[in-house]
Structures are given as C-alpha cells and as structure tokens.
$ cat protein_28.tsv   # TSV, C-alpha atoms and all ligand atoms
chain	number	residue	atom	x	y	z
A	202	MET	CA	1.35	-11.80	-77.23
A	203	THR	CA	0.68	-15.52	-77.12
A	204	PRO	CA	-0.69	-16.97	-73.85
A	205	ASP	CA	2.53	-19.01	-73.57
A	206	LEU	CA	4.69	-15.89	-73.61
A	207	GLU	CA	2.32	-14.07	-71.29
A	208	ARG	CA	2.57	-16.91	-68.78
A	209	LEU	CA	6.36	-16.85	-68.94
A	210	VAL	CA	6.43	-13.09	-68.40
A	211	ARG	CA	4.12	-13.55	-65.42
A	212	LEU	CA	6.22	-16.46	-64.17
A	213	GLN	CA	9.27	-14.20	-64.25
A	214	GLU	CA	7.44	-11.49	-62.30
A	215	LEU	CA	6.46	-14.06	-59.67
A	216	ASP	CA	9.95	-15.54	-59.46
A	217	THR	CA	11.45	-12.08	-59.07
A	218	ALA	CA	8.92	-11.23	-56.35
A	219	ILE	CA	9.54	-14.57	-54.59
A	220	GLU	CA	13.30	-14.09	-54.71
A	221	GLU	CA	13.11	-10.53	-53.44
A	222	ALA	CA	10.83	-11.54	-50.56
A	223	ARG	CA	13.09	-14.51	-49.76
A	224	ARG	CA	16.18	-12.30	-49.73
A	225	LYS	CA	14.57	-9.71	-47.44
A	226	ILE	CA	13.19	-12.38	-45.10
A	227	ALA	CA	16.66	-13.92	-44.90
A	228	ALA	CA	18.17	-10.51	-44.04
A	229	HIS	CA	15.65	-9.98	-41.25
A	230	PRO	CA	17.52	-11.67	-38.36
A	231	GLN	CA	20.61	-9.59	-39.15
A	232	ARG	CA	18.59	-6.37	-39.06
A	233	LEU	CA	17.20	-7.35	-35.66
A	234	ALA	CA	20.71	-8.20	-34.48
A	235	ASP	CA	21.99	-4.82	-35.73
A	236	ALA	CA	19.27	-3.03	-33.75
A	237	ASP	CA	20.13	-5.07	-30.65
A	238	ALA	CA	23.82	-4.32	-31.12
A	239	ARG	CA	23.09	-0.57	-31.05
A	240	LEU	CA	21.10	-1.04	-27.85
A	241	HIS	CA	23.86	-3.10	-26.25
A	242	ALA	CA	26.44	-0.47	-27.17
A	243	ALA	CA	24.35	2.19	-25.39
A	244	ALA	CA	23.89	-0.10	-22.36
A	245	ASP	CA	27.64	-0.83	-22.29
A	246	ARG	CA	28.34	2.89	-22.25
A	247	VAL	CA	26.03	3.31	-19.22
A	248	ALA	CA	27.77	0.41	-17.44
A	249	LEU	CA	31.15	1.95	-18.24
A	250	VAL	CA	30.34	5.38	-16.75
A	251	HIS	CA	28.74	3.74	-13.71
A	252	GLN	CA	31.96	1.80	-13.20
A	253	ARG	CA	33.97	5.04	-13.49
A	254	LEU	CA	31.75	6.62	-10.84
A	255	LYS	CA	32.20	3.59	-8.59
A	256	ASP	CA	35.99	3.68	-9.06
A	257	ASN	CA	35.94	7.38	-8.25
A	258	HIS	CA	34.02	6.81	-5.02
A	259	GLU	CA	36.29	3.97	-3.98
A	260	GLY	CA	39.36	6.07	-4.73
A	261	ARG	CA	37.93	8.91	-2.68
A	262	ARG	CA	37.15	6.61	0.26
A	263	ALA	CA	40.73	5.30	0.22
A	264	LEU	CA	42.06	8.87	0.22
A	265	GLU	CA	39.76	9.81	3.08
A	266	LYS	CA	41.15	6.87	5.07
A	267	ASP	CA	44.65	8.16	4.37
A	268	ALA	CA	43.57	11.62	5.51
A	269	ALA	CA	42.20	10.13	8.75
A	270	VAL	CA	45.53	8.43	9.35
A	271	PHE	CA	47.40	11.73	8.94
A	272	GLN	CA	44.88	13.55	11.13
A	273	GLY	CA	45.35	10.90	13.82
A	274	ARG	CA	49.08	11.29	13.56
A	275	LEU	CA	48.79	15.08	13.83
A	276	ALA	CA	46.61	14.80	16.95
A	277	LYS	CA	49.15	12.45	18.49
A	278	PHE	CA	52.02	14.85	17.75
A	279	LYS	CA	50.06	17.73	19.22
A	280	ASP	CA	49.48	15.71	22.40
A	281	GLN	CA	53.19	14.93	22.57
A	282	LEU	CA	53.99	18.61	22.11
A	283	SER	CA	52.41	19.41	25.49
A	284	GLU	CA	54.66	16.88	27.20
A	285	VAL	CA	58.04	17.81	25.71
A	286	LYS	CA	60.80	18.66	28.07
A	287	THR	CA	63.50	20.01	25.77
A	288	ASN	CA	63.66	22.50	23.00
A	289	ARG	CA	65.17	19.83	20.76
A	290	GLU	CA	62.23	17.49	21.33
A	291	TYR	CA	59.86	20.34	20.66
A	292	GLN	CA	61.52	21.11	17.33
A	293	ALA	CA	61.60	17.46	16.33
A	294	ILE	CA	57.85	17.14	16.89
A	295	GLN	CA	57.16	20.42	15.13
A	296	HIS	CA	59.07	18.96	12.21
A	297	GLU	CA	56.91	15.82	12.28
A	298	ILE	CA	53.76	17.95	12.47
A	299	ALA	CA	54.84	19.99	9.45
A	300	GLY	CA	55.50	16.80	7.48
A	301	ALA	CA	52.14	15.28	8.41
A	302	GLN	CA	50.36	18.51	7.51
A	303	THR	CA	52.00	18.60	4.11
A	304	GLU	CA	50.94	15.02	3.48
A	305	LEU	CA	47.43	15.68	4.73
A	306	GLY	CA	47.23	18.74	2.47
A	307	GLY	CA	48.28	16.63	-0.53
A	308	VAL	CA	45.65	13.99	0.25
A	309	GLU	CA	42.94	16.58	0.78
A	310	GLU	CA	43.77	18.13	-2.55
A	311	LYS	CA	43.37	14.73	-4.20
A	312	VAL	CA	40.02	14.24	-2.45
A	313	LEU	CA	38.90	17.55	-3.89
A	314	GLU	CA	40.03	16.48	-7.37
A	315	ARG	CA	38.01	13.27	-7.00
A	316	MET	CA	34.96	15.26	-5.97
A	317	LEU	CA	35.21	17.51	-9.02
A	318	GLU	CA	35.78	14.48	-11.21
A	319	ALA	CA	32.70	12.82	-9.65
A	320	ASP	CA	30.57	15.78	-10.79
A	321	GLU	CA	31.79	15.32	-14.35
A	322	ILE	CA	31.21	11.58	-14.27
A	323	ALA	CA	27.74	12.08	-12.80
A	324	ALA	CA	26.94	14.32	-15.79
A	325	ASP	CA	28.27	11.60	-18.11
A	326	VAL	CA	26.07	9.01	-16.36
A	327	LYS	CA	23.03	11.21	-16.89
A	328	GLU	CA	23.88	11.70	-20.55
A	329	ALA	CA	24.59	7.99	-21.14
A	330	GLU	CA	21.32	7.01	-19.45
A	331	ALA	CA	19.39	9.50	-21.58
A	332	ALA	CA	21.10	8.15	-24.71
A	333	LEU	CA	20.20	4.59	-23.69
A	334	ALA	CA	16.56	5.59	-23.16
A	335	ARG	CA	16.49	7.23	-26.61
A	336	GLN	CA	18.12	4.20	-28.21
A	337	GLN	CA	15.69	1.86	-26.44
A	338	LYS	CA	12.77	3.86	-27.82
A	339	ALA	CA	14.24	3.90	-31.33
A	340	VAL	CA	15.03	0.18	-31.28
A	341	ASP	CA	11.56	-0.68	-29.98
A	342	ALA	CA	10.02	1.31	-32.82
A	343	GLU	CA	12.39	-0.24	-35.35
A	344	LYS	CA	11.59	-3.76	-34.14
A	345	ARG	CA	7.88	-3.06	-34.38
A	346	ALA	CA	8.35	-1.79	-37.95
A	347	LEU	CA	10.55	-4.77	-38.80
A	348	GLY	CA	7.94	-7.15	-37.43
A	349	GLU	CA	5.25	-5.54	-39.56
A	350	GLU	CA	7.53	-5.60	-42.59
A	351	LEU	CA	8.32	-9.27	-42.02
A	352	ALA	CA	4.63	-10.15	-41.86
A	353	LEU	CA	4.05	-8.35	-45.17
A	354	LEU	CA	7.05	-10.04	-46.78
A	355	GLN	CA	5.89	-13.46	-45.63
A	356	GLN	CA	2.47	-12.70	-46.99
A	357	ALA	CA	3.92	-11.54	-50.32
A	358	PHE	CA	6.11	-14.63	-50.45
A	359	ALA	CA	3.17	-16.97	-49.82
A	360	THR	CA	0.91	-15.17	-52.31
A	361	ALA	CA	3.53	-15.23	-55.07
A	362	THR	CA	4.40	-18.85	-54.34
A	363	ASP	CA	0.73	-19.91	-54.54
A	364	ALA	CA	0.29	-17.93	-57.76
A	365	ARG	CA	3.37	-19.59	-59.22
A	366	VAL	CA	2.05	-23.07	-58.44
A	367	ALA	CA	-1.24	-22.21	-60.15
A	368	LEU	CA	0.54	-20.71	-63.16
A	369	VAL	CA	2.89	-23.66	-63.59
A	370	ALA	CA	-0.11	-26.04	-63.40
A	371	GLU	CA	-1.72	-24.39	-66.41
A	372	ALA	CA	1.48	-23.77	-68.41
A	373	GLU	CA	3.07	-26.02	-71.01
A	374	PRO	CA	5.49	-28.26	-69.01
A	375	SER	CA	8.23	-28.12	-71.67
A	376	LEU	CA	8.13	-24.30	-71.59
A	377	VAL	CA	8.31	-24.25	-67.79
A	378	GLY	CA	11.25	-26.66	-68.10
A	379	LEU	CA	13.03	-24.36	-70.54
A	380	PHE	CA	12.29	-21.34	-68.33
A	381	GLU	CA	13.65	-23.00	-65.23
A	382	GLN	CA	16.72	-24.29	-67.03
A	383	VAL	CA	17.62	-20.78	-68.24
A	384	ALA	CA	16.72	-19.24	-64.88
A	385	ARG	CA	19.10	-21.62	-63.09
A	386	VAL	CA	22.11	-20.54	-65.11
A	387	ARG	CA	21.12	-16.88	-65.59
A	388	LYS	CA	20.70	-15.61	-62.02
A	389	GLY	CA	16.97	-16.27	-61.95
A	390	VAL	CA	16.13	-14.16	-65.02
A	391	ALA	CA	14.86	-16.45	-67.79
A	392	ILE	CA	12.87	-13.99	-69.86
A	393	CYS	CA	13.43	-10.35	-70.69
A	394	PRO	CA	12.26	-7.78	-73.17
A	395	ALA	CA	14.15	-6.83	-76.30
A	396	THR	CA	14.75	-3.07	-76.36
A	397	ARG	CA	13.24	-0.84	-79.00
A	398	GLU	CA	16.73	-0.52	-80.46
A	399	GLY	CA	16.90	-4.30	-80.98
A	400	LEU	CA	19.11	-5.30	-78.04
A	401	CYS	CA	18.66	-8.00	-75.42
A	402	SER	CA	17.76	-5.83	-72.39
A	403	VAL	CA	19.86	-7.92	-70.00
A	404	CYS	CA	23.02	-8.95	-71.87
A	405	HIS	CA	22.80	-6.04	-74.34
A	406	VAL	CA	23.80	-8.09	-77.36
A	407	ARG	CA	22.47	-6.67	-80.62
A	408	LEU	CA	19.86	-9.00	-82.09
A	409	ARG	CA	20.03	-9.87	-85.77
A	410	PRO	CA	17.42	-7.79	-87.64
A	411	HIS	CA	15.28	-10.70	-88.75
A	412	VAL	CA	15.36	-12.21	-85.24
A	413	PHE	CA	14.33	-8.85	-83.76
A	414	GLN	CA	11.56	-8.70	-86.36
A	415	GLN	CA	10.28	-12.11	-85.21
A	416	ILE	CA	10.52	-11.13	-81.53
A	417	ARG	CA	8.38	-8.06	-82.23
A	418	GLN	CA	5.58	-10.38	-83.29
A	419	ASN	CA	5.47	-11.89	-79.76
A	420	ASP	CA	4.08	-15.12	-81.23
A	421	GLN	CA	6.88	-17.64	-80.65
A	422	ILE	CA	9.55	-18.62	-78.16
A	423	ILE	CA	12.86	-17.06	-79.24
A	424	GLN	CA	15.98	-17.13	-77.08
A	425	CYS	CA	18.78	-14.58	-77.07
A	426	GLU	CA	21.66	-16.15	-78.98
A	427	SER	CA	24.10	-14.80	-76.45
A	428	CYS	CA	22.53	-15.30	-72.98
A	429	GLN	CA	19.79	-17.81	-73.93
A	430	ARG	CA	17.09	-15.75	-72.24
A	431	ILE	CA	13.66	-15.89	-73.82
A	432	LEU	CA	12.85	-12.57	-75.46
A	433	TYR	CA	9.63	-10.66	-75.94
A	434	TYR	CA	8.76	-7.19	-77.04
A	435	THR	CA	6.80	-4.41	-75.40
A	436	PRO	CA	5.62	-1.95	-78.04
A	437	PRO	CA	5.99	1.74	-77.20
A	438	PRO	CA	2.81	3.43	-75.96
A	439	ALA	CA	0.71	4.83	-78.83
A	440	ALA	CA	2.16	8.18	-79.93
A	441	ALA	CA	0.31	11.13	-78.49
A	442	GLU	CA	-2.00	12.74	-80.95
A	443	THR	CA	-0.45	15.69	-82.69
A	444	PRO	CA	-2.39	18.75	-81.69
A	445	ALA	CA	-4.22	20.41	-84.57
A	446	PRO	CA	-2.46	23.48	-85.89
B	1	ZN	ZN	20.81	-11.78	-74.00
$ encode --input "protein_28.tsv" --output "structure tokens" --more "lines below"
Ligand SMILES: [Zn+2]
Amino acid sequence: MTPDLERLVRLQELDTAIEEARRKIAAHPQRLADADARLHAAADRVALVHQRLKDNHEGRRALEKDAAVFQGRLAKFKDQLSEVKTNREYQAIQHEIAGAQTELGGVEEKVLERMLEADEIAADVKEAEAALARQQKAVDAEKRALGEELALLQQAFATATDARVALVAEAEPSLVGLFEQVARVRKGVAICPATREGLCSVCHVRLRPHVFQQIRQNDQIIQCESCQRILYYTPPPAAAETPAP
C-alpha cells in the first residue's frame, strides 16, 4: 500500500475514534441526569410515604378529638341521669347516651382502622427508605464509573486529535482536502475497503472488474463511482498450509 493510502486509512481510523469519543462525551451529561432522575424518583417515593404517614397521624388525632367530645357528652349525660326527676326524662337521657355511644363506637372503630393502616404505611416507609439507600449506593457507583469513563474518553479524544494533527501535517494537502470533502458528505467515512467479492464495503455497489483490479494494487487513489469514497484493498490472510497427507 502506498504511504498516501496508508495515511488516509489511518486518518479514517482517527476520525472514527474522535467522532466516537465526541459522541460519548456529549452523551455524558444525559447519563448523569438519568442516574439522578432514578435517585430523585426513589427520594420522591420516600417523601410520598412519609406524607401518607403524616396524614394518617393527623387523621387519627382528629378522630381522637371527636372521641373525646363524645366521651365528654356521655359523662355529662351520666351526670344528668342522677338528677332526673321523671321517668320520661330518664328515658330521654338514656336515648341520648345510646346515641353518643353509637357515635363513639364508630369513631373508635375508625381510630383502630387508622392504627392498622399506620402499621402498613410504616412498613412502606421502611421499604422505600431501604430502596432509596440501595439506589443511592448504585447511583454513587455509577457516577464514579461514569467519571472514570469520561476521563478515558477525554484522553482518547485528545490523543486521537493530536495524532490527527501530526498526520495531516505530513500528508499531501490535496489528498487531505479530498478526504475531508468526501467525509463531509458521507457521514464522516471517506475511505473504505473494497470487499473480496469486488463491492464497495459501505455502499455495496459492484465495482467494475478493471477498477477492482486497480484497487487491489493499492497504489493509487481510486474513488467508488457510486458513493465517492476512496477505496483500498485488504488481502485475505495467507492460506493456511495444507497439512501433509
Ligand atoms: Zn461506494
């Protein structure tokens, strides 16, 4: 292969590496944001169950106040009972007492329901807090790994960029110009191998036999007639020796 072609192949490798590093570096903030979003979701869940527990306690306190009111009323009726003069009065107060007791019973039942519910919510709180702790641990580890990955990507990006500058400095400017012109319109891929079957490996057009023949020599710049990419040829590895009979 001519040094010109070798440089272009190398230039393509560097451009591909630079582009890949650039793409991954650009995706990095989103990956951090995704990790944070998972953590926030777990924290929101904890806040939600805490709020449910708080609502439950407040509801229970309100019911207990109601119960106190009914108990006070019952005590009052019982006091009045000792002072009644007529049977009719006695029955009227007994009726009031029965009503207040029914209401008190209803409220006490609701208090009990709240208490049972509080046990369930407390279990949910415990579970949500454990899930948050697990998520925090996972996100911390992921962020550490992402940070290390970012450092490596930045290093790879810088190394490839420096190597590209050096390569371009020693390459034929008109060839670099052609390479960059094709790369611009062909999604960053300016040079590609021809397949052993005589196809352009990217656009898959079949190369004319004499063009393929020339490409196999790897001694001149030949562009695919269809996609304009510069073509080169990688010969198959030497056939394995046939074992002696
Ligand atoms: Zn092509």
$ closest_residue --input "protein_28.tsv" --among "A:Ile322, A:Leu212, A:Leu376, A:Val340" --to "Arg232 in chain A" --atoms "only C-alpha atoms"
A:Val340
$ closest_atom_pairs --input "protein_28.tsv" --of "chain A" --to "ligand ZN 1 (chain B)" --cutoff "8 Å" --atoms "only C-alpha atoms and all ligand atoms" --output "JSON lines"
{"residue": "A:Leu400", "atom": "CA", "partner": "B:ZN1", "partner_atom": "ZN", "distance": 7.8}
{"residue": "A:Cys401", "atom": "CA", "partner": "B:ZN1", "partner_atom": "ZN", "distance": 4.6}
{"residue": "A:Ser402", "atom": "CA", "partner": "B:ZN1", "partner_atom": "ZN", "distance": 6.9}
{"residue": "A:Val403", "atom": "CA", "partner": "B:ZN1", "partner_atom": "ZN", "distance": 5.6}
{"residue": "A:Cys404", "atom": "CA", "partner": "B:ZN1", "partner_atom": "ZN", "distance": 4.2}
{"residue": "A:His405", "atom": "CA", "partner": "B:ZN1", "partner_atom": "ZN", "distance": 6.1}
{"residue": "A:Val406", "atom": "CA", "partner": "B:ZN1", "partner_atom": "ZN", "distance": 5.8}
{"residue": "A:Gln424", "atom": "CA", "partner": "B:ZN1", "partner_atom": "ZN", "distance": 7.8}
{"residue": "A:Cys425", "atom": "CA", "partner": "B:ZN1", "partner_atom": "ZN", "distance": 4.6}
{"residue": "A:Glu426", "atom": "CA", "partner": "B:ZN1", "partner_atom": "ZN", "distance": 6.7}
{"residue": "A:Ser427", "atom": "CA", "partner": "B:ZN1", "partner_atom": "ZN", "distance": 5.1}
{"residue": "A:Cys428", "atom": "CA", "partner": "B:ZN1", "partner_atom": "ZN", "distance": 4.0}
{"residue": "A:Gln429", "atom": "CA", "partner": "B:ZN1", "partner_atom": "ZN", "distance": 6.1}
{"residue": "A:Arg430", "atom": "CA", "partner": "B:ZN1", "partner_atom": "ZN", "distance": 5.7}
$ atom_distance --input "protein_28.tsv" --atom1 "CA of Ala391 in chain A" --atom2 "CA of Leu408 in chain A"
16.9 Å
$ atom_distance --input "protein_28.tsv" --atom1 "CA of Ala384 in chain A" --atom2 "CA of Phe413 in chain A"
21.7 Å
$ residues_around --input "protein_28.tsv" --residues "Glu318 in chain A" --least-positions-apart "5" --cutoff "9 Å" --atoms "all atoms listed in the file" --output "PyMOL selection string"
chain A and resi 254+257+313+323
$ atom_distance --input "protein_28.tsv" --atom1 "CA of Arg274 in chain A" --atom2 "CA of Glu297 in chain A"
9.1 Å
$ closest_residue --input "protein_28.tsv" --among "A:Gln272, A:Gln302, A:Gln355, A:Asn288" --to "Arg224 in chain A" --atoms "only C-alpha atoms"
A:Gln355
$ residues_around --input "protein_28.tsv" --residues "range 419-422 of chain A" --least-positions-apart "4" --cutoff "6 Å" --atoms "all atoms listed in the file" --output "list in words"
Met202, Thr203 and Tyr433 of chain A
$ residues_around --input "protein_28.tsv" --residues "range 308-311 of chain A" --least-positions-apart "4" --cutoff "8 Å" --atoms "all atoms listed in the file" --output "list in words"
Leu264, Glu265, Asp267, Ala268, Glu304 and Arg315 of chain A
$ closest_residue --input "protein_28.tsv" --among "A:Arg239, A:Arg289, A:Lys327, A:Arg246" --to "Ala339 in chain A" --atoms "all atoms listed in the file"
A:Arg239
$ closest_residue --input "protein_28.tsv" --among "A:Val285, A:Ala244, A:Leu233, A:Ala269" --to "Arg345 in chain A" --atoms "only C-alpha atoms"
A:Leu233
$ residues_around --input "protein_28.tsv" --residues "Ala228 in chain A" --least-positions-apart "4" --cutoff "12 Å" --atoms "all atoms listed in the file" --output "PyMOL selection string"
chain A and resi 221-224+232-235+347+350-351+354
$ residues_around --input "protein_28.tsv" --residues "Gln337 in chain A" --least-positions-apart "6" --cutoff "12 Å" --atoms "all atoms listed in the file" --output "PyMOL selection string"
chain A and resi 236-244+330-331+343-344
$ axis_aligned_box --input "protein_28.tsv" --around "range 236-255 of chain A" --padding-each-side "3 Å" --output "lines of an AutoDock Vina configuration file"
center_x = 26.6
center_y = 0.8
center_z = -21.2
size_x = 20.7
size_y = 17.7
size_z = 31.2
$ closest_residue --input "protein_28.tsv" --among "A:Ile431, A:Val247, A:Ala346, A:Leu206" --to "Val326 in chain A" --atoms "all atoms listed in the file"
A:Val247
$ closest_residue --input "protein_28.tsv" --among "A:Ala263, A:Leu333, A:Ile423, A:Val369" --to "Val312 in chain A" --atoms "only C-alpha atoms"
A:Ala263
$ build_atoms --input "protein_28.tsv" --residues "range 249-270 of chain A" --atoms "N, CA, C and O atoms" --output "tab-separated table (two decimals), keeping the file's coordinate frame"
chain	number	residue	atom	x	y	z
A	249	LEU	N	29.78	1.43	-18.32
A	249	LEU	CA	31.15	1.95	-18.24
A	249	LEU	C	31.21	3.20	-17.35
A	249	LEU	O	32.08	3.31	-16.47
A	250	VAL	N	30.29	4.15	-17.56
A	250	VAL	CA	30.34	5.38	-16.75
A	250	VAL	C	29.96	5.09	-15.29
A	250	VAL	O	30.50	5.72	-14.38
A	251	HIS	N	29.06	4.12	-15.08
A	251	HIS	CA	28.74	3.74	-13.71
A	251	HIS	C	29.98	3.17	-13.02
A	251	HIS	O	30.24	3.47	-11.85
A	252	GLN	N	30.74	2.38	-13.76
A	252	GLN	CA	31.96	1.80	-13.20
A	252	GLN	C	32.96	2.91	-12.86
A	252	GLN	O	33.61	2.87	-11.82
A	253	ARG	N	33.05	3.92	-13.75
A	253	ARG	CA	33.97	5.04	-13.49
A	253	ARG	C	33.55	5.77	-12.21
A	253	ARG	O	34.41	6.16	-11.40
A	254	LEU	N	32.24	5.93	-12.04
A	254	LEU	CA	31.75	6.62	-10.84
A	254	LEU	C	32.08	5.80	-9.58
A	254	LEU	O	32.50	6.35	-8.56
A	255	LYS	N	31.92	4.48	-9.71
A	255	LYS	CA	32.20	3.59	-8.59
A	255	LYS	C	33.71	3.65	-8.24
A	255	LYS	O	34.07	3.77	-7.07
A	256	ASP	N	34.53	3.60	-9.27
A	256	ASP	CA	35.99	3.68	-9.06
A	256	ASP	C	36.35	4.99	-8.37
A	256	ASP	O	37.20	5.04	-7.47
A	257	ASN	N	35.68	6.06	-8.83
A	257	ASN	CA	35.94	7.38	-8.25
A	257	ASN	C	35.60	7.40	-6.76
A	257	ASN	O	36.38	7.86	-5.94
A	258	HIS	N	34.42	6.83	-6.43
A	258	HIS	CA	34.02	6.81	-5.02
A	258	HIS	C	34.97	5.98	-4.18
A	258	HIS	O	35.34	6.38	-3.07
A	259	GLU	N	35.37	4.84	-4.73
A	259	GLU	CA	36.29	3.97	-3.98
A	259	GLU	C	37.63	4.67	-3.77
A	259	GLU	O	38.22	4.61	-2.68
A	260	GLY	N	38.09	5.33	-4.84
A	260	GLY	CA	39.36	6.07	-4.73
A	260	GLY	C	39.26	7.15	-3.67
A	260	GLY	O	40.18	7.35	-2.87
A	261	ARG	N	38.12	7.83	-3.65
A	261	ARG	CA	37.93	8.91	-2.68
A	261	ARG	C	37.89	8.36	-1.25
A	261	ARG	O	38.50	8.93	-0.34
A	262	ARG	N	37.20	7.21	-1.08
A	262	ARG	CA	37.15	6.61	0.26
A	262	ARG	C	38.55	6.23	0.75
A	262	ARG	O	38.89	6.46	1.91
A	263	ALA	N	39.36	5.69	-0.15
A	263	ALA	CA	40.73	5.30	0.22
A	263	ALA	C	41.52	6.53	0.64
A	263	ALA	O	42.27	6.50	1.62
A	264	LEU	N	41.34	7.63	-0.11
A	264	LEU	CA	42.06	8.87	0.22
A	264	LEU	C	41.59	9.42	1.56
A	264	LEU	O	42.40	9.93	2.35
A	265	GLU	N	40.29	9.30	1.82
A	265	GLU	CA	39.76	9.81	3.08
A	265	GLU	C	40.31	9.01	4.27
A	265	GLU	O	40.54	9.56	5.35
A	266	LYS	N	40.51	7.70	4.02
A	266	LYS	CA	41.15	6.87	5.07
A	266	LYS	C	42.56	7.36	5.33
A	266	LYS	O	42.99	7.48	6.49
A	267	ASP	N	43.28	7.63	4.23
A	267	ASP	CA	44.65	8.16	4.37
A	267	ASP	C	44.62	9.45	5.16
A	267	ASP	O	45.44	9.67	6.07
A	268	ALA	N	43.67	10.32	4.83
A	268	ALA	CA	43.57	11.62	5.51
A	268	ALA	C	43.34	11.41	7.01
A	268	ALA	O	43.95	12.10	7.84
A	269	ALA	N	42.49	10.40	7.34
A	269	ALA	CA	42.20	10.13	8.75
A	269	ALA	C	43.47	9.69	9.48
A	269	ALA	O	43.71	10.08	10.64
A	270	VAL	N	44.27	8.89	8.74
A	270	VAL	CA	45.53	8.43	9.35
A	270	VAL	C	46.42	9.63	9.67
A	270	VAL	O	46.96	9.75	10.77
